[in-house]
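Encoded as structure tokens, the structure appears first; notes follow it.
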Amino acid sequence: MTDTIYALSSALGRAGVAVVRVSGPMAMNIVVALSGVPPEPRMAVVRELVNEARQPIDQAMVLWMPGPRSFTGEDVAEFHVHGGRAILDALLTEIGKARDTRPAEAGEFTRRAVENGKLDFTQAEAVMDLVDADTEAQRRQALRQYGGALGRLYDGWRDRLVKALAWAEAEIDFSDEDLPGELIEQSQFEVIDIIGQIGSHLSDARRGELIREGVHLAVIGPPNAGKSSLINALAKRDVAIVHETAGTTRDVIEVHMDIDGIPVIVADTAGLREAGDPVEREGVRRAVARAEEADATLLLVDSSAEDPFAGLPDDVRDKAALVIWNKADLLRETPAGERLLQVSLKTWEGWDALMGEVSKIVAAKADQASEAPVITRARHRHALEEAVAALRRSLSAPGPELFAEDVRLAVRAIGRITGRVDVEELLDVVFRDFCIGK
């Protein structure tokens, strides 16, 4: 018999309202024991909860959701109580007295929803993304995925490949039957089309992953250009030490921001120069490494210096997404023929223009113009790349059996994304499409 699980489903700590969820075959018994006759399904009622000795625990809102029309697909009860620790301790203790009950493990309610066919894997991942969403873009993306858009896209490709595989299997196994001709060729045309569609989906510049994980920007430049001042200004607090002594920043300092609803991680790095101090040399090495890993770099230079780019690697300016000329209040003259983004982190001159340019860079990296589902995890990308590789192999396979095997591998790879891996359904497709044995 399946255990009945229970847990606090709202945040820990004092709160006006806390939610305790119960899922499993004993949920009905627990509702009866705590509050009497169960309410109408999916109708919220206010009840007094009592313990085994019929002493009151709290006034609560009780919800009863019999399976399969519940989040987990099982019988589910929810108790919305006042969020005091003593109330929660008393309620959870009382629920734990019921037979075959135990505290839920991490993610177990959602796992049961997947096991009972209420969610696929991509929707289950979206549940966690919704919980973790800090920005508007993250919320919108997770909500689209929770609505099943990503799962429907992948299941659509998988279903088409299952049909193509069924055609190939039919030609292999039932060659003496009266079947439509050129089935392998039809399968290959379908495979070619799906390769193109998956390829377009993969060529998304990682925008789904960037929205979920954050766009990484690295602030680089020579010592004393004002990088730490820029980081503090972006963070709106003192997170980096600012001092006139060159080489103050030794390690990489990160600041998490929300720019136009998109999560952004900005890294302050050590000044780029030939350093004699071994600790500073390590800081410079880390700065270069972070710049290479970042989604975009912001090059900050001292516009009052005689040569603002002195000591910098030759290609650093070309690779930068944006060159910022700091200390505009000390700028002697604008270099001939150049249109500069000039700012002063002392007087705030040019700040709005700077933030406008940074916003453009972030928006371009996490382009949200399209409502099409996007890849949100490396797991998805790896499985799709594996599927494309198998499909490409299938097109050059020396025989129909090897063609079918590669397509089967692609079906399994895509099925792993949503959790729907069932090759036995091939037989159903064969019988439905071709009426074998009529």
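In the structure tokens, chains take the letters A, B, ... in the order shown, each chain's residues start at 1, and ligands count up from 1 in the order shown.
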
- Task: Write out as a PyMOL selection string all residues of region 94-255 of chain A that DSSP puts in helix (DSSP H, G or I) for this structure's backbone.
- Result: chain A and resi 94-96+108-115+121-132+136-146+149-173+183-202+207-213+227-235

- Message: If we count only C-alpha atoms and set the cut-off at 10 Å, which residues sit around region 314-322 of chain A, ignoring sequence neighbours fewer than 3 positions away in its own chain? Please answer as a PyMOL selection string.
- Response: chain A and resi 217-221+288+291-292+295-300+309-311+325+341+354+357-358+361

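Neighbours of region 85-102 of chain A closer than or equal to 7 Å, with only C-alpha atoms counted and sequence neighbours fewer than 4 positions away skipped, come out as Asp3, Thr4, Ile5, Tyr6, Arg14, Ile30, Asn51, Ile57 and Asp58 of chain A.
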
Taking a cut-off of 12 Å and counting only C-alpha atoms, can you build a table that, for each residue of region 296-383 of chain A near region 140-153 of chain A, reports the nearest atom pair and how far apart they are in Å (one decimal), sorted by chain then residue number, as CSV?
```
residue,atom,partner,partner_atom,distance
A:Ala366,CA,A:Gln141,CA,11.2
A:Asp367,CA,A:Gln141,CA,11.8
A:Gln368,CA,A:Gln141,CA,9.2
A:Ser370,CA,A:Gln141,CA,11.2
A:Glu371,CA,A:Arg144,CA,8.7
A:Ala372,CA,A:Ala149,CA,8.2
A:Pro373,CA,A:Leu150,CA,5.3
A:Val374,CA,A:Leu150,CA,7.1
A:Ile375,CA,A:Leu150,CA,8.0
A:Thr376,CA,A:Gln141,CA,8.7
A:Arg377,CA,A:Leu150,CA,11.5
A:His380,CA,A:Leu150,CA,10.2
```

- Message: I'd like to know which of A:Glu306, A:Asp258, A:Glu105, A:Glu349 is closest to Ile211 (chain A), using only C-alpha atoms.
- Response: A:Asp258

- Task: List the neighbours of region 409-411 of chain A out to 8 Å using only C-alpha atoms; skip same-chain residues closer than 5 positions along the sequence, and give me the result as number ranges by chain.
- Result: A: 158, 161-162, 386-388, 390-391, 421

Restricted to C-alpha atoms, what would the selected residues look like written as a PDB file, in the first residue's frame?
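To be explicit, this is the file written out as part.pdb:
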```pdb
ATOM      1  CA  ARG A 158       8.484  12.071 -30.510  1.00  0.00           C
ATOM      2  CA  LEU A 161       9.295   9.777 -34.948  1.00  0.00           C
ATOM      3  CA  VAL A 162       7.284   6.917 -33.484  1.00  0.00           C
ATOM      4  CA  GLU A 386      21.761  13.068 -28.771  1.00  0.00           C
ATOM      5  CA  ALA A 387      18.512  12.671 -30.723  1.00  0.00           C
ATOM      6  CA  VAL A 388      19.778  14.768 -33.658  1.00  0.00           C
ATOM      7  CA  ALA A 390      21.048   9.505 -33.920  1.00  0.00           C
ATOM      8  CA  LEU A 391      18.714  10.833 -36.619  1.00  0.00           C
ATOM      9  CA  VAL A 421       9.595   6.340 -22.913  1.00  0.00           C
TER      10      VAL A 421
END
```

- Task: Just the strand (DSSP E or B) stuff from region 114-271 of chain A, please, per backbone DSSP, written as a list in words.
- Result: Val215, His216, Leu217, Ala218, Val219, Ile220, Ile253, Glu254, Val255, His256, Met257, Asp258, Ile259, Ile262, Pro263, Val264, Ile265, Val266, Ala267 and Asp268 of chain A

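Shell of Gln138 (chain A) at 8 Å, with only C-alpha atoms counted and residues fewer than 2 places along the chain excluded, is Asp129, Leu130, Ala133, Asp134, Thr135, Glu136, Arg140, Gln141, Ala142, Ile211, Arg212, Gly261, Ile262 and Pro263 of chain A.
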
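Residue nearest Ala33 (chain A) within the list A:Val301, A:Leu49, A:Ala18, A:Ala205: A:Leu49 [criterion: smallest interatomic distance, only C-alpha atoms].
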
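In this model, the gap between CA of Ser394 (chain A) and CA of Trp167 (chain A) comes to 14.1 Å.
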
- Closest of A:Met61, A:Val50, A:Val45, A:Val255 to His80 (chain A), counting only C-alpha atoms, is A:Met61

- Query: Quick one: residues within 7 Å of Asp268 (chain A), only C-alpha atoms counted, chain neighbours fewer than 5 positions away excluded, as JSON, numbers by chain?
  - Reply: {"A": [218, 219, 227, 228, 231, 252, 253, 254]}

Suppose we keep N, CA and C atoms; can you now write the selection as a JSON list (two decimals), in the first residue's frame?
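Generated output (selection_37.json):
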```json
[["chain", "number", "residue", "atom", "x", "y", "z"],
["A", 218, "ALA", "N", 30.56, 40.54, -17.19],
["A", 218, "ALA", "CA", 31.83, 40.74, -16.49],
["A", 218, "ALA", "C", 32.30, 42.17, -16.75],
["A", 219, "VAL", "N", 32.61, 42.89, -15.67],
["A", 219, "VAL", "CA", 33.17, 44.24, -15.79],
["A", 219, "VAL", "C", 34.68, 44.10, -15.76],
["A", 227, "LYS", "N", 35.92, 50.20, -11.73],
["A", 227, "LYS", "CA", 35.08, 49.00, -11.85],
["A", 227, "LYS", "C", 34.30, 48.72, -10.57],
["A", 228, "SER", "N", 34.96, 48.80, -9.44],
["A", 228, "SER", "CA", 34.28, 48.55, -8.18],
["A", 228, "SER", "C", 33.22, 49.60, -7.89],
["A", 231, "ILE", "N", 30.23, 48.56, -9.89],
["A", 231, "ILE", "CA", 29.53, 47.46, -9.25],
["A", 231, "ILE", "C", 28.69, 47.96, -8.08],
["A", 252, "VAL", "N", 37.01, 37.73, -7.71],
["A", 252, "VAL", "CA", 35.81, 38.09, -8.46],
["A", 252, "VAL", "C", 34.66, 38.28, -7.48],
["A", 253, "ILE", "N", 33.98, 39.42, -7.59],
["A", 253, "ILE", "CA", 32.82, 39.72, -6.73],
["A", 253, "ILE", "C", 31.59, 39.77, -7.61],
["A", 254, "GLU", "N", 30.53, 39.05, -7.21],
["A", 254, "GLU", "CA", 29.31, 38.97, -8.01],
["A", 254, "GLU", "C", 28.17, 39.74, -7.36]]
```
